[in-house]
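Asker: Supplied structure: work-v6.tsv, TSV, N, CA, C and O atoms.
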chain	number	residue	atom	x	y	z
A	26	MET	N	45.68	39.44	-7.28
A	26	MET	CA	46.54	39.24	-8.42
A	26	MET	C	47.09	37.82	-8.41
A	26	MET	O	47.55	37.35	-7.37
A	27	LEU	N	47.02	37.16	-9.54
A	27	LEU	CA	47.49	35.78	-9.63
A	27	LEU	C	48.99	35.72	-9.87
A	27	LEU	O	49.54	36.53	-10.61
A	28	THR	N	49.63	34.73	-9.26
A	28	THR	CA	51.04	34.50	-9.52
A	28	THR	C	51.16	33.68	-10.80
A	28	THR	O	50.17	33.15	-11.32
A	29	GLY	N	52.36	33.54	-11.30
A	29	GLY	CA	52.59	32.74	-12.50
A	29	GLY	C	52.19	31.29	-12.31
A	29	GLY	O	51.61	30.67	-13.20
A	30	LYS	N	52.50	30.73	-11.13
A	30	LYS	CA	52.14	29.34	-10.85
A	30	LYS	C	50.62	29.17	-10.80
A	30	LYS	O	50.08	28.18	-11.29
A	31	GLN	N	49.95	30.11	-10.18
A	31	GLN	CA	48.49	30.04	-10.10
A	31	GLN	C	47.87	30.14	-11.49
A	31	GLN	O	46.96	29.39	-11.83
A	32	ARG	N	48.37	31.06	-12.29
A	32	ARG	CA	47.86	31.24	-13.66
A	32	ARG	C	48.06	29.96	-14.46
A	32	ARG	O	47.19	29.51	-15.19
A	33	SER	N	49.23	29.34	-14.34
A	33	SER	CA	49.52	28.09	-15.04
A	33	SER	C	48.57	26.98	-14.61
A	33	SER	O	48.09	26.20	-15.43
A	34	PHE	N	48.32	26.90	-13.32
A	34	PHE	CA	47.41	25.89	-12.79
A	34	PHE	C	46.00	26.09	-13.36
A	34	PHE	O	45.35	25.14	-13.78
A	35	LEU	N	45.53	27.33	-13.40
A	35	LEU	CA	44.20	27.62	-13.93
A	35	LEU	C	44.12	27.36	-15.44
A	35	LEU	O	43.10	26.86	-15.93
A	36	LYS	N	45.18	27.66	-16.16
A	36	LYS	CA	45.22	27.37	-17.59
A	36	LYS	C	45.07	25.88	-17.83
A	36	LYS	O	44.36	25.44	-18.74
A	37	LYS	N	45.75	25.09	-17.01
A	37	LYS	CA	45.67	23.63	-17.12
A	37	LYS	C	44.24	23.15	-16.87
A	37	LYS	O	43.73	22.29	-17.60
A	38	LEU	N	43.57	23.69	-15.87
A	38	LEU	CA	42.19	23.31	-15.59
A	38	LEU	C	41.25	23.70	-16.73
A	38	LEU	O	40.35	22.95	-17.08
A	39	ALA	N	41.48	24.87	-17.31
A	39	ALA	CA	40.59	25.37	-18.36
A	39	ALA	C	40.82	24.70	-19.71
A	39	ALA	O	39.94	24.71	-20.56
A	40	GLN	N	41.98	24.13	-19.89
A	40	GLN	CA	42.35	23.56	-21.18
A	40	GLN	C	41.34	22.53	-21.69
A	40	GLN	O	41.01	22.53	-22.88
A	41	THR	N	40.83	21.69	-20.84
A	41	THR	CA	39.94	20.62	-21.27
A	41	THR	C	38.46	21.01	-21.24
A	41	THR	O	37.63	20.23	-21.68
A	42	SER	N	38.15	22.19	-20.76
A	42	SER	CA	36.74	22.60	-20.68
A	42	SER	C	36.29	23.29	-21.95
A	42	SER	O	37.09	23.90	-22.67
A	43	ASP	N	35.01	23.19	-22.23
A	43	ASP	CA	34.41	23.89	-23.36
A	43	ASP	C	33.92	25.25	-22.89
A	43	ASP	O	33.65	25.44	-21.70
A	44	PRO	N	33.79	26.21	-23.81
A	44	PRO	CA	33.27	27.52	-23.43
A	44	PRO	C	31.86	27.41	-22.85
A	44	PRO	O	31.00	26.73	-23.41
A	45	ALA	N	31.64	28.02	-21.71
A	45	ALA	CA	30.33	27.99	-21.06
A	45	ALA	C	29.47	29.18	-21.48
A	45	ALA	O	28.26	29.14	-21.38
A	46	VAL	N	30.12	30.24	-21.96
A	46	VAL	CA	29.42	31.44	-22.41
A	46	VAL	C	29.96	31.79	-23.80
A	46	VAL	O	31.17	31.74	-24.02
A	47	ILE	N	29.05	32.15	-24.70
A	47	ILE	CA	29.44	32.55	-26.04
A	47	ILE	C	28.92	33.97	-26.28
A	47	ILE	O	27.74	34.25	-26.09
A	48	ILE	N	29.82	34.85	-26.68
A	48	ILE	CA	29.46	36.23	-26.98
A	48	ILE	C	29.16	36.31	-28.47
A	48	ILE	O	30.00	35.97	-29.29
A	49	GLY	N	27.94	36.74	-28.79
A	49	GLY	CA	27.50	36.78	-30.18
A	49	GLY	C	27.70	38.13	-30.84
A	49	GLY	O	28.44	38.99	-30.35
A	50	ARG	N	27.01	38.31	-31.95
A	50	ARG	CA	27.12	39.55	-32.74
A	50	ARG	C	26.76	40.81	-31.97
A	50	ARG	O	27.28	41.88	-32.24
A	51	ALA	N	25.86	40.68	-31.02
A	51	ALA	CA	25.43	41.85	-30.24
A	51	ALA	C	26.54	42.35	-29.33
A	51	ALA	O	26.46	43.45	-28.78
A	52	GLY	N	27.57	41.56	-29.14
A	52	GLY	CA	28.71	41.98	-28.33
A	52	GLY	C	28.51	41.73	-26.85
A	52	GLY	O	27.76	40.85	-26.44
A	53	LEU	N	29.17	42.52	-26.07
A	53	LEU	CA	29.17	42.36	-24.61
A	53	LEU	C	27.98	43.09	-24.01
A	53	LEU	O	28.09	44.22	-23.55
A	54	THR	N	26.84	42.43	-24.02
A	54	THR	CA	25.60	43.03	-23.51
A	54	THR	C	25.51	42.84	-22.00
A	54	THR	O	26.28	42.07	-21.40
A	55	ASP	N	24.56	43.52	-21.38
A	55	ASP	CA	24.33	43.36	-19.94
A	55	ASP	C	23.94	41.93	-19.61
A	55	ASP	O	24.33	41.40	-18.56
A	56	THR	N	23.20	41.29	-20.49
A	56	THR	CA	22.79	39.90	-20.27
A	56	THR	C	24.00	38.98	-20.26
A	56	THR	O	24.10	38.09	-19.41
A	57	VAL	N	24.93	39.20	-21.17
A	57	VAL	CA	26.15	38.39	-21.21
A	57	VAL	C	26.96	38.62	-19.94
A	57	VAL	O	27.45	37.66	-19.32
A	58	LYS	N	27.09	39.86	-19.50
A	58	LYS	CA	27.84	40.16	-18.27
A	58	LYS	C	27.19	39.50	-17.06
A	58	LYS	O	27.89	38.96	-16.20
A	59	THR	N	25.86	39.52	-17.01
A	59	THR	CA	25.14	38.89	-15.90
A	59	THR	C	25.38	37.39	-15.90
A	59	THR	O	25.62	36.78	-14.86
A	60	THR	N	25.34	36.78	-17.09
A	60	THR	CA	25.58	35.35	-17.21
A	60	THR	C	27.00	35.00	-16.76
A	60	THR	O	27.20	34.03	-16.03
A	61	ILE	N	27.97	35.78	-17.18
A	61	ILE	CA	29.36	35.56	-16.78
A	61	ILE	C	29.50	35.69	-15.27
A	61	ILE	O	30.13	34.86	-14.61
A	62	ASP	N	28.89	36.71	-14.69
A	62	ASP	CA	28.94	36.93	-13.25
A	62	ASP	C	28.35	35.74	-12.49
A	62	ASP	O	28.95	35.25	-11.53
A	63	GLU	N	27.20	35.27	-12.92
A	63	GLU	CA	26.54	34.14	-12.26
A	63	GLU	C	27.37	32.87	-12.38
A	63	GLU	O	27.51	32.10	-11.42
A	64	TYR	N	27.96	32.65	-13.56
A	64	TYR	CA	28.78	31.46	-13.76
A	64	TYR	C	30.03	31.50	-12.88
A	64	TYR	O	30.40	30.49	-12.28
A	65	LEU	N	30.67	32.65	-12.81
A	65	LEU	CA	31.85	32.77	-11.96
A	65	LEU	C	31.51	32.56	-10.48
A	65	LEU	O	32.29	31.96	-9.74
A	66	THR	N	30.35	33.04	-10.06
A	66	THR	CA	29.91	32.84	-8.68
A	66	THR	C	29.73	31.36	-8.38
A	66	THR	O	30.11	30.88	-7.32
A	67	ALA	N	29.20	30.63	-9.34
A	67	ALA	CA	28.92	29.21	-9.14
A	67	ALA	C	30.14	28.32	-9.35
A	67	ALA	O	30.27	27.28	-8.70
A	68	ASN	N	31.04	28.70	-10.26
A	68	ASN	CA	32.11	27.79	-10.67
A	68	ASN	C	33.54	28.29	-10.55
A	68	ASN	O	34.47	27.54	-10.73
A	69	GLU	N	33.72	29.55	-10.31
A	69	GLU	CA	35.03	30.19	-10.15
A	69	GLU	C	35.84	30.33	-11.45
A	69	GLU	O	36.48	31.34	-11.66
A	70	LEU	N	35.85	29.34	-12.32
A	70	LEU	CA	36.64	29.37	-13.54
A	70	LEU	C	35.72	29.30	-14.75
A	70	LEU	O	34.81	28.47	-14.79
A	71	LEU	N	35.95	30.16	-15.74
A	71	LEU	CA	35.06	30.26	-16.88
A	71	LEU	C	35.83	30.45	-18.17
A	71	LEU	O	36.73	31.29	-18.24
A	72	LYS	N	35.44	29.68	-19.18
A	72	LYS	CA	35.97	29.88	-20.53
A	72	LYS	C	34.87	30.50	-21.37
A	72	LYS	O	33.73	30.04	-21.36
A	73	VAL	N	35.22	31.55	-22.11
A	73	VAL	CA	34.26	32.29	-22.93
A	73	VAL	C	34.75	32.27	-24.38
A	73	VAL	O	35.95	32.42	-24.63
A	74	ALA	N	33.82	32.11	-25.31
A	74	ALA	CA	34.14	32.16	-26.73
A	74	ALA	C	33.45	33.36	-27.36
A	74	ALA	O	32.35	33.74	-26.96
A	75	ILE	N	34.11	33.97	-28.35
A	75	ILE	CA	33.53	35.08	-29.09
A	75	ILE	C	33.25	34.58	-30.51
A	75	ILE	O	34.17	34.09	-31.18
A	76	GLN	N	32.02	34.70	-30.95
A	76	GLN	CA	31.65	34.23	-32.29
A	76	GLN	C	32.36	35.05	-33.37
A	76	GLN	O	32.73	36.20	-33.15
A	77	GLU	N	32.47	34.46	-34.54
A	77	GLU	CA	33.14	35.12	-35.66
A	77	GLU	C	32.50	36.45	-36.03
A	77	GLU	O	33.18	37.38	-36.40
A	78	GLY	N	31.18	36.57	-35.94
A	78	GLY	CA	30.49	37.79	-36.33
A	78	GLY	C	30.67	38.96	-35.38
A	78	GLY	O	30.39	40.10	-35.72
A	79	ALA	N	31.15	38.68	-34.19
A	79	ALA	CA	31.34	39.74	-33.19
A	79	ALA	C	32.67	40.44	-33.43
A	79	ALA	O	33.70	39.80	-33.61
A	80	GLU	N	32.64	41.74	-33.44
A	80	GLU	CA	33.85	42.54	-33.69
A	80	GLU	C	34.53	42.89	-32.37
A	80	GLU	O	34.67	44.06	-32.03
A	81	LEU	N	34.96	41.87	-31.63
A	81	LEU	CA	35.59	42.08	-30.34
A	81	LEU	C	36.95	41.41	-30.32
A	81	LEU	O	37.15	40.35	-30.93
A	82	ASP	N	37.89	42.00	-29.60
A	82	ASP	CA	39.19	41.40	-29.35
A	82	ASP	C	39.10	40.62	-28.04
A	82	ASP	O	38.64	41.16	-27.02
A	83	ALA	N	39.53	39.38	-28.05
A	83	ALA	CA	39.39	38.51	-26.87
A	83	ALA	C	40.09	39.08	-25.64
A	83	ALA	O	39.52	39.13	-24.55
A	84	LYS	N	41.33	39.53	-25.79
A	84	LYS	CA	42.09	40.02	-24.63
A	84	LYS	C	41.49	41.31	-24.08
A	84	LYS	O	41.35	41.46	-22.86
A	85	GLU	N	41.12	42.24	-24.95
A	85	GLU	CA	40.51	43.48	-24.50
A	85	GLU	C	39.18	43.22	-23.80
A	85	GLU	O	38.89	43.80	-22.75
A	86	THR	N	38.37	42.35	-24.39
A	86	THR	CA	37.07	42.01	-23.81
A	86	THR	C	37.25	41.34	-22.46
A	86	THR	O	36.55	41.66	-21.49
A	87	ALA	N	38.20	40.40	-22.38
A	87	ALA	CA	38.46	39.70	-21.12
A	87	ALA	C	38.88	40.66	-20.03
A	87	ALA	O	38.39	40.57	-18.89
A	88	ASN	N	39.77	41.57	-20.35
A	88	ASN	CA	40.23	42.54	-19.35
A	88	ASN	C	39.10	43.47	-18.91
A	88	ASN	O	38.99	43.81	-17.73
A	89	GLN	N	38.24	43.87	-19.84
A	89	GLN	CA	37.10	44.72	-19.50
A	89	GLN	C	36.14	44.00	-18.56
A	89	GLN	O	35.74	44.54	-17.53
A	90	VAL	N	35.81	42.76	-18.90
A	90	VAL	CA	34.89	41.98	-18.07
A	90	VAL	C	35.51	41.72	-16.70
A	90	VAL	O	34.85	41.84	-15.67
A	91	ALA	N	36.79	41.36	-16.68
A	91	ALA	CA	37.47	41.08	-15.41
A	91	ALA	C	37.44	42.30	-14.50
A	91	ALA	O	37.18	42.18	-13.30
A	92	THR	N	37.67	43.46	-15.05
A	92	THR	CA	37.65	44.69	-14.26
A	92	THR	C	36.25	44.96	-13.72
A	92	THR	O	36.07	45.24	-12.53
A	93	GLU	N	35.25	44.86	-14.57
A	93	GLU	CA	33.87	45.16	-14.17
A	93	GLU	C	33.32	44.16	-13.15
A	93	GLU	O	32.54	44.54	-12.28
A	94	LEU	N	33.73	42.89	-13.26
A	94	LEU	CA	33.17	41.85	-12.39
A	94	LEU	C	34.12	41.43	-11.28
A	94	LEU	O	33.88	40.43	-10.60
A	95	HIS	N	35.22	42.17	-11.10
A	95	HIS	CA	36.20	41.87	-10.04
A	95	HIS	C	36.72	40.44	-10.15
A	95	HIS	O	36.78	39.71	-9.17
A	96	ALA	N	37.08	40.06	-11.37
A	96	ALA	CA	37.62	38.74	-11.64
A	96	ALA	C	39.08	38.89	-12.08
A	96	ALA	O	39.59	40.01	-12.20
A	97	GLU	N	39.73	37.77	-12.32
A	97	GLU	CA	41.12	37.77	-12.77
A	97	GLU	C	41.18	37.24	-14.20
A	97	GLU	O	40.58	36.22	-14.52
A	98	PHE	N	41.91	37.92	-15.04
A	98	PHE	CA	42.18	37.46	-16.40
A	98	PHE	C	43.21	36.34	-16.31
A	98	PHE	O	44.25	36.51	-15.68
A	99	VAL	N	42.92	35.20	-16.93
A	99	VAL	CA	43.85	34.07	-16.91
A	99	VAL	C	44.60	33.99	-18.23
A	99	VAL	O	45.83	33.99	-18.25
A	100	GLN	N	43.85	33.92	-19.34
A	100	GLN	CA	44.50	33.86	-20.65
A	100	GLN	C	43.51	34.15	-21.77
A	100	GLN	O	42.31	34.05	-21.56
A	101	ALA	N	44.04	34.50	-22.92
A	101	ALA	CA	43.24	34.67	-24.13
A	101	ALA	C	44.00	34.00	-25.27
A	101	ALA	O	45.19	34.24	-25.46
A	102	ILE	N	43.30	33.13	-25.99
A	102	ILE	CA	43.88	32.46	-27.14
A	102	ILE	C	42.85	32.52	-28.26
A	102	ILE	O	41.73	32.03	-28.11
A	103	GLY	N	43.23	33.13	-29.35
A	103	GLY	CA	42.32	33.26	-30.48
A	103	GLY	C	41.09	34.05	-30.10
A	103	GLY	O	41.18	35.18	-29.64
A	104	ARG	N	39.93	33.45	-30.25
A	104	ARG	CA	38.66	34.10	-29.93
A	104	ARG	C	38.08	33.57	-28.61
A	104	ARG	O	36.89	33.66	-28.38
A	105	ARG	N	38.93	33.04	-27.77
A	105	ARG	CA	38.49	32.51	-26.47
A	105	ARG	C	39.33	33.12	-25.36
A	105	ARG	O	40.49	33.46	-25.54
A	106	PHE	N	38.69	33.22	-24.18
A	106	PHE	CA	39.44	33.70	-23.02
A	106	PHE	C	38.92	33.02	-21.76
A	106	PHE	O	37.84	32.46	-21.74
A	107	VAL	N	39.77	33.06	-20.73
A	107	VAL	CA	39.46	32.40	-19.46
A	107	VAL	C	39.53	33.44	-18.34
A	107	VAL	O	40.46	34.24	-18.28
A	108	LEU	N	38.53	33.39	-17.46
A	108	LEU	CA	38.48	34.26	-16.28
A	108	LEU	C	38.37	33.41	-15.02
A	108	LEU	O	37.85	32.30	-15.04
A	109	TYR	N	38.84	33.98	-13.91
A	109	TYR	CA	38.77	33.31	-12.61
A	109	TYR	C	38.34	34.33	-11.56
A	109	TYR	O	38.79	35.47	-11.56
A	110	ARG	N	37.46	33.89	-10.68
A	110	ARG	CA	37.10	34.70	-9.51
A	110	ARG	C	36.88	33.75	-8.34
A	110	ARG	O	36.02	32.88	-8.39
A	111	ARG	N	37.67	33.94	-7.30
A	111	ARG	CA	37.58	33.08	-6.11
A	111	ARG	C	36.24	33.27	-5.42
A	111	ARG	O	35.79	34.41	-5.22
A	112	ALA	N	35.61	32.17	-5.03
A	112	ALA	CA	34.33	32.22	-4.32
A	112	ALA	C	34.55	32.85	-2.94
A	112	ALA	O	35.53	32.57	-2.26
A	113	LYS	N	33.63	33.69	-2.55
A	113	LYS	CA	33.72	34.35	-1.24
A	113	LYS	C	33.47	33.37	-0.11
A	113	LYS	O	34.10	33.45	0.94
A	114	ASP	N	32.54	32.47	-0.31
A	114	ASP	CA	32.18	31.48	0.70
A	114	ASP	C	33.10	30.27	0.57
A	114	ASP	O	33.10	29.60	-0.46
A	115	PRO	N	33.90	29.97	1.59
A	115	PRO	CA	34.82	28.82	1.50
A	115	PRO	C	34.12	27.50	1.17
A	115	PRO	O	34.71	26.64	0.53
A	116	ALA	N	32.89	27.34	1.57
A	116	ALA	CA	32.16	26.10	1.29
A	116	ALA	C	31.82	25.95	-0.19
A	116	ALA	O	31.57	24.85	-0.67
A	117	LYS	N	31.83	27.06	-0.93
A	117	LYS	CA	31.47	27.02	-2.35
A	117	LYS	C	32.67	27.03	-3.29
A	117	LYS	O	32.52	27.06	-4.50
A	118	ARG	N	33.85	26.98	-2.73
A	118	ARG	CA	35.05	26.98	-3.57
A	118	ARG	C	35.20	25.65	-4.28
A	118	ARG	O	35.17	24.60	-3.68
A	119	ARG	N	35.35	25.72	-5.60
A	119	ARG	CA	35.44	24.53	-6.43
A	119	ARG	C	36.87	24.23	-6.88
A	119	ARG	O	37.19	23.12	-7.26
A	120	ILE	N	37.72	25.23	-6.85
A	120	ILE	CA	39.11	25.05	-7.25
A	120	ILE	C	39.87	24.52	-6.04
A	120	ILE	O	39.68	24.98	-4.93
A	121	THR	N	40.76	23.58	-6.28
A	121	THR	CA	41.46	22.93	-5.18
A	121	THR	C	42.21	23.92	-4.31
A	121	THR	O	42.63	24.98	-4.75
A	122	GLN	N	42.43	23.54	-3.10
A	122	GLN	CA	43.13	24.38	-2.14
A	122	GLN	C	44.56	24.66	-2.58
A	122	GLN	O	45.14	25.66	-2.22
A	123	ARG	N	45.11	23.79	-3.42
A	123	ARG	CA	46.48	23.96	-3.89
A	123	ARG	C	46.69	25.34	-4.52
A	123	ARG	O	47.71	25.97	-4.31
A	124	LEU	N	45.71	25.81	-5.27
A	124	LEU	CA	45.83	27.11	-5.90
A	124	LEU	C	45.91	28.22	-4.85
A	124	LEU	O	46.74	29.10	-4.94
A	125	HIS	N	45.06	28.15	-3.86
A	125	HIS	CA	44.97	29.21	-2.86
A	125	HIS	C	46.10	29.16	-1.84
A	125	HIS	O	46.38	30.17	-1.21
A	126	ASP	N	46.74	28.00	-1.69
A	126	ASP	CA	47.86	27.92	-0.77
A	126	ASP	C	49.07	28.69	-1.30
A	126	ASP	O	49.92	29.11	-0.54
A	127	GLU	N	49.10	28.90	-2.63
A	127	GLU	CA	50.24	29.57	-3.23
A	127	GLU	C	50.11	31.08	-3.18
A	127	GLU	O	50.99	31.79	-3.62
A	128	VAL	N	48.99	31.59	-2.67
A	128	VAL	CA	48.77	33.05	-2.65
A	128	VAL	C	49.72	33.71	-1.69
A	128	VAL	O	50.07	33.25	-0.67
For this file, write the structure as structure tokens.

Answerer:
Amino acid sequence: MLTGKQRSFLKKLAQTSDPAVIIGRAGLTDTVKTTIDEYLTANELLKVAIQEGAELDAKETANQVATELHAEFVQAIGRRFVLYRRAKDPAKRRITQRLHDEV
């Protein structure tokens, strides 16, 4: 579970990034979940966008994906949301140690 300070730090990091995954009209498919899982494994922090044609709520979708992929919900704004999952291997951690020192 993320603390308020950790969540704020991750929001700041995600603010300048573009969405790496876009959920289309087909919705939250297995392919999209696999892509999100792989991206989180490689990068820890992910911004996702939901296209206008998709009938999904960003916060509900984010919480569903976070639960299924053992990630943390960071924020949802409009049709975008941010997820975080700490890398298991310390050598592959991309987020600064500052975040993890606050745990």

Asker: With distances taken over only N, CA, C and O atoms, which residue among A:Val46, A:Ala101, A:Ile61, A:Val90 lies nearest A:Ala74?

Answerer: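 Ranked by minimum distance to A:Ala74, first place goes to A:Val46.
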
Asker: Mind pulling up the distance from atom O of A:Met26 to atom O of A:Gln40?

Answerer: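 Calculated distance between atom O of A:Gln40 and atom O of A:Met26 is 22.4 Å.
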
Asker: Take atom C of A:Ala79 and atom CA of A:Tyr109 and report the distance between them in Å, one decimal.

Answerer: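 We find that atom C of A:Ala79 and atom CA of A:Tyr109 lie 22.8 Å from each other.
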
Asker: Report, in Å with one decimal, the straight-line distance from atom CA of A:Lys113 to atom O of A:Gly52.

Answerer: 26.7 Å

Asker: Which one is closest to A:Glu80: A:Lys37, A:Arg32, A:Arg104, A:Lys58? Count only C-alpha atoms.

Answerer: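 Selected residue with least distance to A:Glu80: A:Arg104.
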